[in-house]
>>> print(open('work.cif').read())   # mmCIF, C-alpha atoms
data_final
loop_
_atom_site.label_atom_id
_atom_site.label_comp_id
_atom_site.auth_asym_id
_atom_site.auth_seq_id
_atom_site.Cartn_x
_atom_site.Cartn_y
_atom_site.Cartn_z
CA MET A 1 -7.37 45.63 54.96
CA LEU A 2 -7.88 47.00 51.47
CA SER A 3 -7.36 44.85 48.38
CA CYS A 4 -4.93 45.78 45.60
CA LYS A 5 -7.95 46.72 43.50
CA GLN A 6 -9.09 49.26 46.08
CA ILE A 7 -5.55 50.51 46.56
CA GLY A 8 -5.19 51.04 42.81
CA GLU A 9 -8.32 53.19 42.91
CA LEU A 10 -7.03 55.23 45.85
CA LEU A 11 -3.66 55.75 44.20
CA SER A 12 -5.37 57.30 41.21
CA GLN A 13 -7.73 59.39 43.33
CA GLY A 14 -4.71 60.69 45.20
CA LEU A 15 -3.84 62.47 41.96
CA ASP A 16 -7.27 64.14 41.84
CA ARG A 17 -8.16 64.97 45.42
CA LYS A 18 -6.65 65.16 48.88
CA LEU A 19 -7.02 61.76 50.51
CA SER A 20 -8.28 61.54 54.06
CA LEU A 21 -5.89 60.70 56.87
CA SER A 22 -7.29 57.20 57.26
CA GLU A 23 -7.03 56.60 53.52
CA ARG A 24 -3.43 57.75 53.56
CA ILE A 25 -2.60 55.45 56.46
CA LYS A 26 -4.20 52.46 54.73
CA LEU A 27 -2.26 53.27 51.59
CA LYS A 28 1.07 53.58 53.37
CA PHE A 29 0.50 50.31 55.15
CA HIS A 30 -0.34 48.45 51.98
CA LEU A 31 2.53 49.92 50.00
CA ILE A 32 5.05 48.77 52.61
CA ILE A 33 4.12 45.15 52.09
CA CYS A 34 2.94 45.08 48.47
CA LYS A 35 5.61 45.30 45.79
CA THR A 36 3.13 45.20 42.93
CA CYS A 37 1.09 48.17 44.13
CA ASN A 38 4.32 50.02 44.81
CA CYS A 39 5.29 49.51 41.22
CA TYR A 40 1.82 50.54 40.03
CA ASP A 41 2.04 53.70 42.14
CA LYS A 42 5.30 54.74 40.49
CA GLN A 43 4.01 54.04 36.99
CA LEU A 44 0.76 55.90 37.61
CA GLN A 45 2.68 58.94 38.76
CA PHE A 46 4.87 58.72 35.70
CA VAL A 47 1.76 58.66 33.47
CA ALA A 48 0.48 61.78 35.23
CA ARG A 49 3.84 63.56 34.91
CA SER A 50 4.05 62.67 31.24
CA ALA A 51 0.55 63.98 30.60
CA ARG A 52 1.36 67.29 32.24
CA ARG A 53 4.47 67.62 30.14
CA LEU A 54 2.73 66.68 26.94
CA MET A 55 0.06 69.33 27.43
CA GLN A 56 2.47 72.18 28.06
CA PRO A 57 2.18 74.56 25.12
CA ASP A 58 5.92 75.23 25.26
CA LYS A 59 6.92 71.66 24.66
CA ASP A 60 7.06 71.93 20.93
CA ASN A 61 9.14 69.07 19.67
CA GLN A 62 7.58 65.99 21.05
CA GLY A 63 6.61 64.09 18.00
CA ILE A 64 3.39 66.03 17.52
CA PRO A 65 3.25 67.25 13.94
CA PRO A 66 3.31 71.01 13.19
CA LEU A 67 0.62 72.89 11.31
CA SER A 68 0.66 71.61 7.73
CA ASP A 69 1.77 73.94 4.92
CA ASN A 70 -1.70 73.83 3.41
CA ALA A 71 -3.39 74.82 6.63
CA SER A 72 -0.78 77.52 7.28
CA ALA A 73 -1.44 79.05 3.87
CA ARG A 74 -5.20 78.82 4.28
CA ILE A 75 -5.20 80.42 7.72
CA SER A 76 -2.76 83.13 6.61
CA ASP A 77 -5.11 83.94 3.73
CA THR A 78 -8.08 84.18 6.05
CA ILE A 79 -6.21 86.54 8.33
CA LYS A 80 -5.13 88.64 5.35
CA GLN A 81 -8.69 88.89 4.04
CA GLN A 82 -9.87 90.00 7.44
CA LEU A 83 -7.13 92.63 7.64
CA ASP A 84 -8.06 93.88 4.15
CA LYS A 85 -11.67 94.22 5.24
CA GLU A 86 -10.57 96.30 8.21
CA GLU A 87 -8.49 98.50 5.90
CA ASN A 88 -11.45 99.04 3.58
CA LYS A 89 -13.70 100.04 6.44
CA LYS A 90 -11.25 102.70 7.49
CA GLU A 91 -11.15 104.26 4.05
CA MET B 1 2.95 98.12 27.52
CA SER B 2 3.42 96.58 24.12
CA ALA B 3 0.94 96.08 21.33
CA ALA B 4 0.30 92.82 19.52
CA SER B 5 2.67 92.13 16.66
CA ASP B 6 1.66 92.35 13.00
CA PRO B 7 -1.15 89.79 12.55
CA SER B 8 0.17 88.75 9.15
CA THR B 9 3.15 87.19 10.96
CA TRP B 10 1.05 85.28 13.51
CA VAL B 11 0.77 82.01 11.62
CA ALA B 12 4.53 81.82 11.11
CA GLN B 13 5.25 82.80 14.71
CA HIS B 14 2.61 80.90 16.66
CA GLY B 15 0.85 78.54 14.24
CA ASP B 16 2.75 75.40 15.21
CA ALA B 17 2.51 75.92 18.96
CA LEU B 18 -1.23 76.61 18.79
CA PHE B 19 -1.85 73.70 16.46
CA ARG B 20 0.03 71.23 18.65
CA TYR B 21 -1.85 72.43 21.70
CA ALA B 22 -5.17 72.09 19.88
CA LEU B 23 -4.31 68.73 18.33
CA MET B 24 -3.50 67.20 21.68
CA LYS B 25 -6.88 68.17 22.96
CA MET B 26 -9.07 67.66 19.89
CA ARG B 27 -7.25 64.57 18.55
CA ASP B 28 -8.46 65.50 15.09
CA GLU B 29 -6.27 67.40 12.67
CA SER B 30 -8.91 69.32 10.76
CA GLN B 31 -10.76 70.28 13.93
CA ALA B 32 -7.48 71.44 15.44
CA GLU B 33 -6.79 73.55 12.34
CA ASP B 34 -10.25 75.11 12.63
CA MET B 35 -9.57 75.94 16.26
CA VAL B 36 -6.31 77.67 15.32
CA GLN B 37 -8.04 79.71 12.64
CA GLU B 38 -10.88 80.70 14.97
CA THR B 39 -8.33 81.69 17.59
CA PHE B 40 -6.50 83.98 15.20
CA LEU B 41 -9.74 85.56 14.02
CA ALA B 42 -10.88 86.19 17.58
CA ALA B 43 -7.44 87.60 18.38
CA LEU B 44 -7.67 89.94 15.39
CA LYS B 45 -10.85 91.45 16.76
CA ALA B 46 -9.45 91.71 20.26
CA ARG B 47 -5.92 92.80 19.49
CA ALA B 48 -6.53 96.41 20.47
CA ASN B 49 -7.13 95.11 23.99
CA PHE B 50 -3.94 93.06 24.16
CA SER B 51 -2.13 94.62 27.08
CA GLY B 52 1.26 93.03 26.74
CA ASN B 53 1.09 91.92 30.36
CA SER B 54 1.61 88.38 29.14
CA SER B 55 3.50 87.21 26.09
CA GLU B 56 1.62 87.20 22.82
CA LYS B 57 1.79 83.42 22.70
CA THR B 58 0.31 83.08 26.19
CA TRP B 59 -2.46 85.45 25.18
CA LEU B 60 -3.22 83.40 22.05
CA ILE B 61 -3.12 80.08 23.93
CA GLY B 62 -5.59 81.59 26.41
CA ILE B 63 -8.01 82.37 23.59
CA LEU B 64 -7.49 78.93 22.10
CA LYS B 65 -8.24 77.31 25.44
CA HIS B 66 -11.62 79.05 25.57
CA LYS B 67 -12.36 77.99 22.01
CA ILE B 68 -11.60 74.37 22.86
CA ILE B 69 -13.76 74.41 25.98
CA ASP B 70 -16.57 75.95 23.92
CA HIS B 71 -16.15 73.20 21.40
CA PHE B 72 -16.51 70.48 24.02
CA ARG B 73 -19.56 72.29 25.38
CA LYS B 74 -21.27 72.45 21.98
CA HIS B 75 -20.33 69.00 20.75
CA LYS B 76 -21.06 66.74 23.63
CA ARG B 77 -20.54 63.10 22.82
CA GLU B 78 -23.80 61.41 22.04
CA GLN B 79 -23.11 58.48 24.28
CA SER B 80 -23.45 59.28 27.94
CA SER B 81 -20.07 59.50 29.56
CA ASP B 82 -20.45 57.51 32.68
CA ASP B 83 -20.90 53.99 31.55
CA ILE B 84 -19.47 52.84 34.84
CA GLU B 85 -20.59 49.25 34.45
CA SER B 86 -18.61 48.49 31.34
CA LEU B 87 -15.66 50.33 32.85
CA SER B 88 -15.84 48.10 35.89
CA GLU B 89 -15.76 45.04 33.69
CA GLN B 90 -12.50 46.17 32.11
CA LEU B 91 -11.10 46.81 35.53
CA ASP B 92 -12.06 43.37 36.75
CA GLN B 93 -9.83 41.77 34.16
CA GLN B 94 -6.81 43.29 35.88
CA PHE B 95 -7.57 41.63 39.22
CA ASP B 96 -8.49 38.17 40.43
CA HIS B 97 -11.62 37.52 42.51
CA THR B 98 -9.77 38.34 45.73
CA GLY B 99 -8.79 41.78 44.42
CA HIS B 100 -5.15 40.87 43.77
CA TRP B 101 -3.39 41.88 40.58
CA SER B 102 -3.78 39.27 37.87
CA ILE B 103 -1.48 41.02 35.42
CA PRO B 104 2.32 41.05 35.67
CA MET B 105 3.69 44.34 36.97
CA ARG B 106 7.25 44.85 35.81
CA ALA B 107 9.27 47.84 36.92
CA TRP B 108 10.09 50.47 34.30
CA GLN B 109 13.78 51.13 33.87
CA GLU B 110 14.76 54.81 34.06
CA PRO B 111 11.39 56.17 32.94
CA GLU B 112 12.51 59.81 33.03
CA GLN B 113 14.89 59.13 30.15
CA ALA B 114 11.89 58.35 27.97
CA HIS B 115 10.86 62.00 28.22
CA GLU B 116 13.93 62.93 26.23
CA ASP B 117 12.97 60.60 23.40
CA LYS B 118 10.73 61.94 20.62
CA GLU B 119 9.50 58.45 19.85
CA PHE B 120 8.20 58.11 23.37
CA TRP B 121 5.91 61.12 22.91
CA LYS B 122 4.53 59.63 19.73
CA VAL B 123 3.72 56.41 21.57
CA PHE B 124 2.21 58.28 24.49
CA SER B 125 0.02 60.40 22.21
CA ALA B 126 -1.09 57.28 20.38
CA CYS B 127 -1.96 55.62 23.69
CA ILE B 128 -4.17 58.58 24.60
CA ALA B 129 -5.76 58.49 21.16
CA HIS B 130 -6.61 54.81 21.67
CA LEU B 131 -8.59 55.46 24.82
CA PRO B 132 -12.35 55.37 24.38
CA ASP B 133 -13.41 58.91 23.41
CA HIS B 134 -15.04 59.83 26.68
CA LEU B 135 -12.01 58.71 28.70
CA ALA B 136 -9.62 60.54 26.39
CA ASP B 137 -11.70 63.73 26.58
CA LEU B 138 -11.74 63.53 30.34
CA PHE B 139 -8.07 62.71 30.71
CA ILE B 140 -7.12 65.63 28.49
CA LEU B 141 -9.53 68.20 29.94
CA ARG B 142 -8.16 67.29 33.35
CA GLU B 143 -4.86 68.75 32.20
CA VAL B 144 -6.40 72.02 31.02
CA LYS B 145 -5.47 74.44 33.75
CA GLY B 146 -8.21 76.35 35.48
CA LEU B 147 -11.07 73.91 34.87
CA SER B 148 -12.65 72.70 38.10
CA SER B 149 -13.89 69.14 38.58
CA GLU B 150 -17.47 70.43 38.58
CA GLU B 151 -16.95 72.22 35.27
CA ILE B 152 -15.40 69.14 33.69
CA CYS B 153 -18.31 66.96 34.83
CA LYS B 154 -20.74 69.45 33.33
CA LEU B 155 -18.85 69.62 30.05
CA LEU B 156 -18.69 65.88 29.66
CA ASP B 157 -22.07 64.96 31.16
CA ILE B 158 -20.61 63.06 34.07
CA SER B 159 -23.15 62.88 36.87
CA THR B 160 -20.87 62.96 39.94
CA THR B 161 -17.28 63.80 40.72
CA ASN B 162 -17.04 60.34 42.20
CA ASN B 163 -17.78 58.87 38.78
CA MET B 164 -15.19 61.18 37.31
CA TRP B 165 -12.53 59.80 39.66
CA VAL B 166 -13.47 56.24 38.75
CA MET B 167 -13.21 57.08 35.06
CA LEU B 168 -9.87 58.85 35.48
CA SER B 169 -8.55 55.82 37.29
CA ARG B 170 -9.58 53.62 34.33
CA ALA B 171 -7.97 56.01 31.87
CA ARG B 172 -4.68 56.02 33.78
CA MET B 173 -4.74 52.26 34.19
CA ARG B 174 -5.15 51.84 30.45
CA LEU B 175 -2.41 54.34 29.68
CA ARG B 176 -0.10 52.54 32.06
CA GLY B 177 -0.84 49.26 30.30
CA CYS B 178 -0.34 50.84 26.89
CA LEU B 179 3.02 52.38 27.83
CA ASP B 180 4.09 49.10 29.37
CA ALA B 181 3.28 47.10 26.25
CA ARG B 182 4.36 49.63 23.65
CA TRP B 183 7.37 51.22 25.29
CA PHE B 184 8.88 50.01 28.54
CA ASN B 185 8.45 46.29 28.13
CA ARG B 186 7.91 46.16 24.41
CA ASP B 187 10.78 43.74 23.86
CA SER B 188 9.63 41.21 26.40
CA GLY B 189 6.17 41.35 24.84
CA LYS B 190 7.65 40.53 21.46
CA GLN B 191 9.63 37.64 22.87
CA ASN B 192 6.50 36.26 24.46
CA ARG B 193 4.73 36.35 21.15
CA GLY B 194 7.67 34.72 19.43
CA GLU B 195 8.38 37.75 17.24
CA ARG B 196 11.72 39.27 16.56
#
>>> encode(input="work.cif", output="structure tokens")
Amino acid sequence: MLSCKQIGELLSQGLDRKLSLSERIKLKFHLIICKTCNCYDKQLQFVARSARRLMQPDKDNQGIPPLSDNASARISDTIKQQLDKEENKKE
Amino acid sequence: MSAASDPSTWVAQHGDALFRYALMKMRDESQAEDMVQETFLAALKARANFSGNSSEKTWLIGILKHKIIDHFRKHKREQSSDDIESLSEQLDQQFDHTGHWSIPMRAWQEPEQAHEDKEFWKVFSACIAHLPDHLADLFILREVKGLSSEEICKLLDISTTNNMWVMLSRARMRLRGCLDARWFNRDSGKQNRGER
């Protein structure tokens, strides 16, 4: 019988690799009788889901600040200089 | 087949999306800005090759991703990543000597609703930022698509994938605790501390 500590570890590893059949059986067994680990399982999965969502480049408005005006101006300038250089080479 | 748009409009069109993507992974504003600039400069050079098979934004994010991975490769953290012993100590505090939970585990009410709340994302980002650097790097790189476990271990100087799993488990456990204290059960925490 695995302890909650070992189960917690397995629950996390289940997000990173395919668990073996015997590991999955031990997990299932434990989760049936242990409310706390059940709760931990759900919260862990929520953390993983949230991370995936946060890292999606399309999710723009999630409290992460945009590029500052200063940086925008600086980077625009750099691009412009580079474009000018290209122009000059052509001539 | 479509060509890349006028580069002088790139910052206005894609600057924010690239910056947010970079910031999440670098966790440092000025480094993230540098990454965005480097991405645009690399894209300038390569724009003749842009095939239009993907959207321009996807193409730029792809370049940015490589820049970020390069950055991690060049600037490895000085401290070795797998300090498993101190990680185990932190873990031990969560369990009693028989391996049972020693911390209260309260259910989270309607967690999916939190995803619709801007404030939640601020808290979540802050929780990631509060992880020890090597755990935060690992947790974030794990979410970069297309990086294998072996590549991540190499980038972050982690000796075995087994150690990587142990570290990821610690990172998630901490994030869970952080979200619990700072979001889902923040009111009960305040009551316990006698605050209003």
>>> residues_near_point(input="work.cif", point="(-4.5, 89.8, 17.7)", cutoff="9 Å", atoms="only C-alpha atoms", output="list of chain:residue names")
B:Ala4, B:Ser5, B:Asp6, B:Pro7, B:Trp10, B:Thr39, B:Phe40, B:Leu41, B:Ala42, B:Ala43, B:Leu44, B:Lys45, B:Ala46, B:Arg47, B:Ala48, B:Asn49, B:Phe50, B:Glu56, B:Trp59, B:Leu60
>>> interface_residues(input="work.cif", of="chain B", to="chain A", cutoff="6 Å", atoms="only C-alpha atoms", output="number ranges by chain")
B: 16, 19, 21, 37, 99-100, 118, 121-122, 169
>>> write_last_selection(input="work.cif", atoms="C-alpha atoms", output="mmCIF file, in the frame of the given file")
data_model
loop_
_atom_site.group_PDB
_atom_site.id
_atom_site.type_symbol
_atom_site.label_atom_id
_atom_site.label_comp_id
_atom_site.auth_asym_id
_atom_site.auth_seq_id
_atom_site.Cartn_x
_atom_site.Cartn_y
_atom_site.Cartn_z
ATOM 1 C CA ASP B 16 2.750 75.400 15.210
ATOM 2 C CA PHE B 19 -1.850 73.700 16.460
ATOM 3 C CA TYR B 21 -1.850 72.430 21.700
ATOM 4 C CA GLN B 37 -8.040 79.710 12.640
ATOM 5 C CA GLY B 99 -8.790 41.780 44.420
ATOM 6 C CA HIS B 100 -5.150 40.870 43.770
ATOM 7 C CA LYS B 118 10.730 61.940 20.620
ATOM 8 C CA TRP B 121 5.910 61.120 22.910
ATOM 9 C CA LYS B 122 4.530 59.630 19.730
ATOM 10 C CA SER B 169 -8.550 55.820 37.290
#
>>> closest_residue(input="work.cif", among="B:Arg106, B:Val144, B:Trp101, B:Ile158", to="His66 in chain B", atoms="all atoms listed in the file")
B:Val144
>>> atom_distance(input="work.cif", atom1="CA of His30 in chain A", atom2="CA of Phe95 in chain B")
16.2 Å
>>> atom_distance(input="work.cif", atom1="CA of Asp34 in chain B", atom2="CA of Leu64 in chain B")
10.6 Å
>>> closest_residue(input="work.cif", among="B:Lys57, B:Glu151, B:Ala107, B:Asp133", to="Ala171 in chain B", atoms="only C-alpha atoms")
B:Asp133
>>> closest_residue(input="work.cif", among="B:Trp108, B:Phe72, B:Trp183, B:Phe120", to="Ile140 in chain B", atoms="all atoms listed in the file")
B:Phe72
>>> atom_distance(input="work.cif", atom1="CA of Ala32 in chain B", atom2="CA of His134 in chain B")
17.8 Å
>>> decode(input="work.cif", residues="range 12-37 of chain B", atoms="N, CA and C atoms", output="PDB file, in the first residue's frame")
ATOM      1  N   ALA B  12       3.751  47.162 -33.729  1.00  0.00           N
ATOM      2  CA  ALA B  12       2.359  47.460 -33.415  1.00  0.00           C
ATOM      3  C   ALA B  12       1.479  46.207 -33.515  1.00  0.00           C
ATOM      4  N   GLN B  13       1.757  45.369 -34.519  1.00  0.00           N
ATOM      5  CA  GLN B  13       0.914  44.196 -34.735  1.00  0.00           C
ATOM      6  C   GLN B  13       1.178  43.069 -33.747  1.00  0.00           C
ATOM      7  N   HIS B  14       2.466  42.795 -33.520  1.00  0.00           N
ATOM      8  CA  HIS B  14       2.815  41.565 -32.791  1.00  0.00           C
ATOM      9  C   HIS B  14       3.601  41.807 -31.508  1.00  0.00           C
ATOM     10  N   GLY B  15       3.974  43.053 -31.254  1.00  0.00           N
ATOM     11  CA  GLY B  15       4.857  43.345 -30.111  1.00  0.00           C
ATOM     12  C   GLY B  15       4.324  42.809 -28.792  1.00  0.00           C
ATOM     13  N   ASP B  16       3.044  43.086 -28.512  1.00  0.00           N
ATOM     14  CA  ASP B  16       2.483  42.685 -27.218  1.00  0.00           C
ATOM     15  C   ASP B  16       2.443  41.169 -27.059  1.00  0.00           C
ATOM     16  N   ALA B  17       2.006  40.483 -28.104  1.00  0.00           N
ATOM     17  CA  ALA B  17       1.889  39.020 -28.015  1.00  0.00           C
ATOM     18  C   ALA B  17       3.265  38.392 -27.790  1.00  0.00           C
ATOM     19  N   LEU B  18       4.268  38.874 -28.540  1.00  0.00           N
ATOM     20  CA  LEU B  18       5.614  38.320 -28.387  1.00  0.00           C
ATOM     21  C   LEU B  18       6.166  38.629 -27.002  1.00  0.00           C
ATOM     22  N   PHE B  19       5.940  39.864 -26.561  1.00  0.00           N
ATOM     23  CA  PHE B  19       6.473  40.265 -25.260  1.00  0.00           C
ATOM     24  C   PHE B  19       5.865  39.425 -24.137  1.00  0.00           C
ATOM     25  N   ARG B  20       4.555  39.228 -24.179  1.00  0.00           N
ATOM     26  CA  ARG B  20       3.900  38.449 -23.127  1.00  0.00           C
ATOM     27  C   ARG B  20       4.419  37.019 -23.119  1.00  0.00           C
ATOM     28  N   TYR B  21       4.595  36.480 -24.307  1.00  0.00           N
ATOM     29  CA  TYR B  21       5.115  35.116 -24.415  1.00  0.00           C
ATOM     30  C   TYR B  21       6.521  35.051 -23.806  1.00  0.00           C
ATOM     31  N   ALA B  22       7.341  36.038 -24.162  1.00  0.00           N
ATOM     32  CA  ALA B  22       8.722  36.048 -23.659  1.00  0.00           C
ATOM     33  C   ALA B  22       8.760  36.299 -22.157  1.00  0.00           C
ATOM     34  N   LEU B  23       7.909  37.208 -21.696  1.00  0.00           N
ATOM     35  CA  LEU B  23       7.927  37.567 -20.272  1.00  0.00           C
ATOM     36  C   LEU B  23       7.569  36.368 -19.396  1.00  0.00           C
ATOM     37  N   MET B  24       6.590  35.600 -19.852  1.00  0.00           N
ATOM     38  CA  MET B  24       6.198  34.432 -19.078  1.00  0.00           C
ATOM     39  C   MET B  24       7.365  33.470 -18.915  1.00  0.00           C
ATOM     40  N   LYS B  25       8.195  33.410 -19.918  1.00  0.00           N
ATOM     41  CA  LYS B  25       9.266  32.427 -19.872  1.00  0.00           C
ATOM     42  C   LYS B  25      10.549  32.980 -19.277  1.00  0.00           C
ATOM     43  N   MET B  26      10.817  34.263 -19.482  1.00  0.00           N
ATOM     44  CA  MET B  26      12.057  34.839 -18.939  1.00  0.00           C
ATOM     45  C   MET B  26      11.842  35.354 -17.511  1.00  0.00           C
ATOM     46  N   ARG B  27      10.633  35.793 -17.199  1.00  0.00           N
ATOM     47  CA  ARG B  27      10.304  36.400 -15.914  1.00  0.00           C
ATOM     48  C   ARG B  27      11.171  37.625 -15.616  1.00  0.00           C
ATOM     49  N   ASP B  28      11.581  38.309 -16.644  1.00  0.00           N
ATOM     50  CA  ASP B  28      12.379  39.517 -16.465  1.00  0.00           C
ATOM     51  C   ASP B  28      12.046  40.440 -17.623  1.00  0.00           C
ATOM     52  N   GLU B  29      11.554  41.629 -17.296  1.00  0.00           N
ATOM     53  CA  GLU B  29      11.017  42.505 -18.332  1.00  0.00           C
ATOM     54  C   GLU B  29      12.058  42.899 -19.365  1.00  0.00           C
ATOM     55  N   SER B  30      13.239  43.309 -18.901  1.00  0.00           N
ATOM     56  CA  SER B  30      14.206  43.823 -19.872  1.00  0.00           C
ATOM     57  C   SER B  30      14.753  42.677 -20.725  1.00  0.00           C
ATOM     58  N   GLN B  31      14.913  41.517 -20.130  1.00  0.00           N
ATOM     59  CA  GLN B  31      15.347  40.364 -20.937  1.00  0.00           C
ATOM     60  C   GLN B  31      14.279  39.995 -21.968  1.00  0.00           C
ATOM     61  N   ALA B  32      13.024  40.083 -21.547  1.00  0.00           N
ATOM     62  CA  ALA B  32      11.936  39.758 -22.474  1.00  0.00           C
ATOM     63  C   ALA B  32      11.917  40.759 -23.630  1.00  0.00           C
ATOM     64  N   GLU B  33      12.148  42.034 -23.314  1.00  0.00           N
ATOM     65  CA  GLU B  33      12.204  43.051 -24.379  1.00  0.00           C
ATOM     66  C   GLU B  33      13.342  42.754 -25.343  1.00  0.00           C
ATOM     67  N   ASP B  34      14.500  42.377 -24.797  1.00  0.00           N
ATOM     68  CA  ASP B  34      15.638  42.027 -25.665  1.00  0.00           C
ATOM     69  C   ASP B  34      15.290  40.871 -26.597  1.00  0.00           C
ATOM     70  N   MET B  35      14.584  39.889 -26.035  1.00  0.00           N
ATOM     71  CA  MET B  35      14.208  38.723 -26.840  1.00  0.00           C
ATOM     72  C   MET B  35      13.308  39.141 -28.006  1.00  0.00           C
ATOM     73  N   VAL B  36      12.375  40.062 -27.708  1.00  0.00           N
ATOM     74  CA  VAL B  36      11.445  40.523 -28.745  1.00  0.00           C
ATOM     75  C   VAL B  36      12.229  41.236 -29.846  1.00  0.00           C
ATOM     76  N   GLN B  37      13.152  42.091 -29.417  1.00  0.00           N
ATOM     77  CA  GLN B  37      13.947  42.817 -30.417  1.00  0.00           C
ATOM     78  C   GLN B  37      14.764  41.847 -31.268  1.00  0.00           C
TER      79      GLN B  37
END
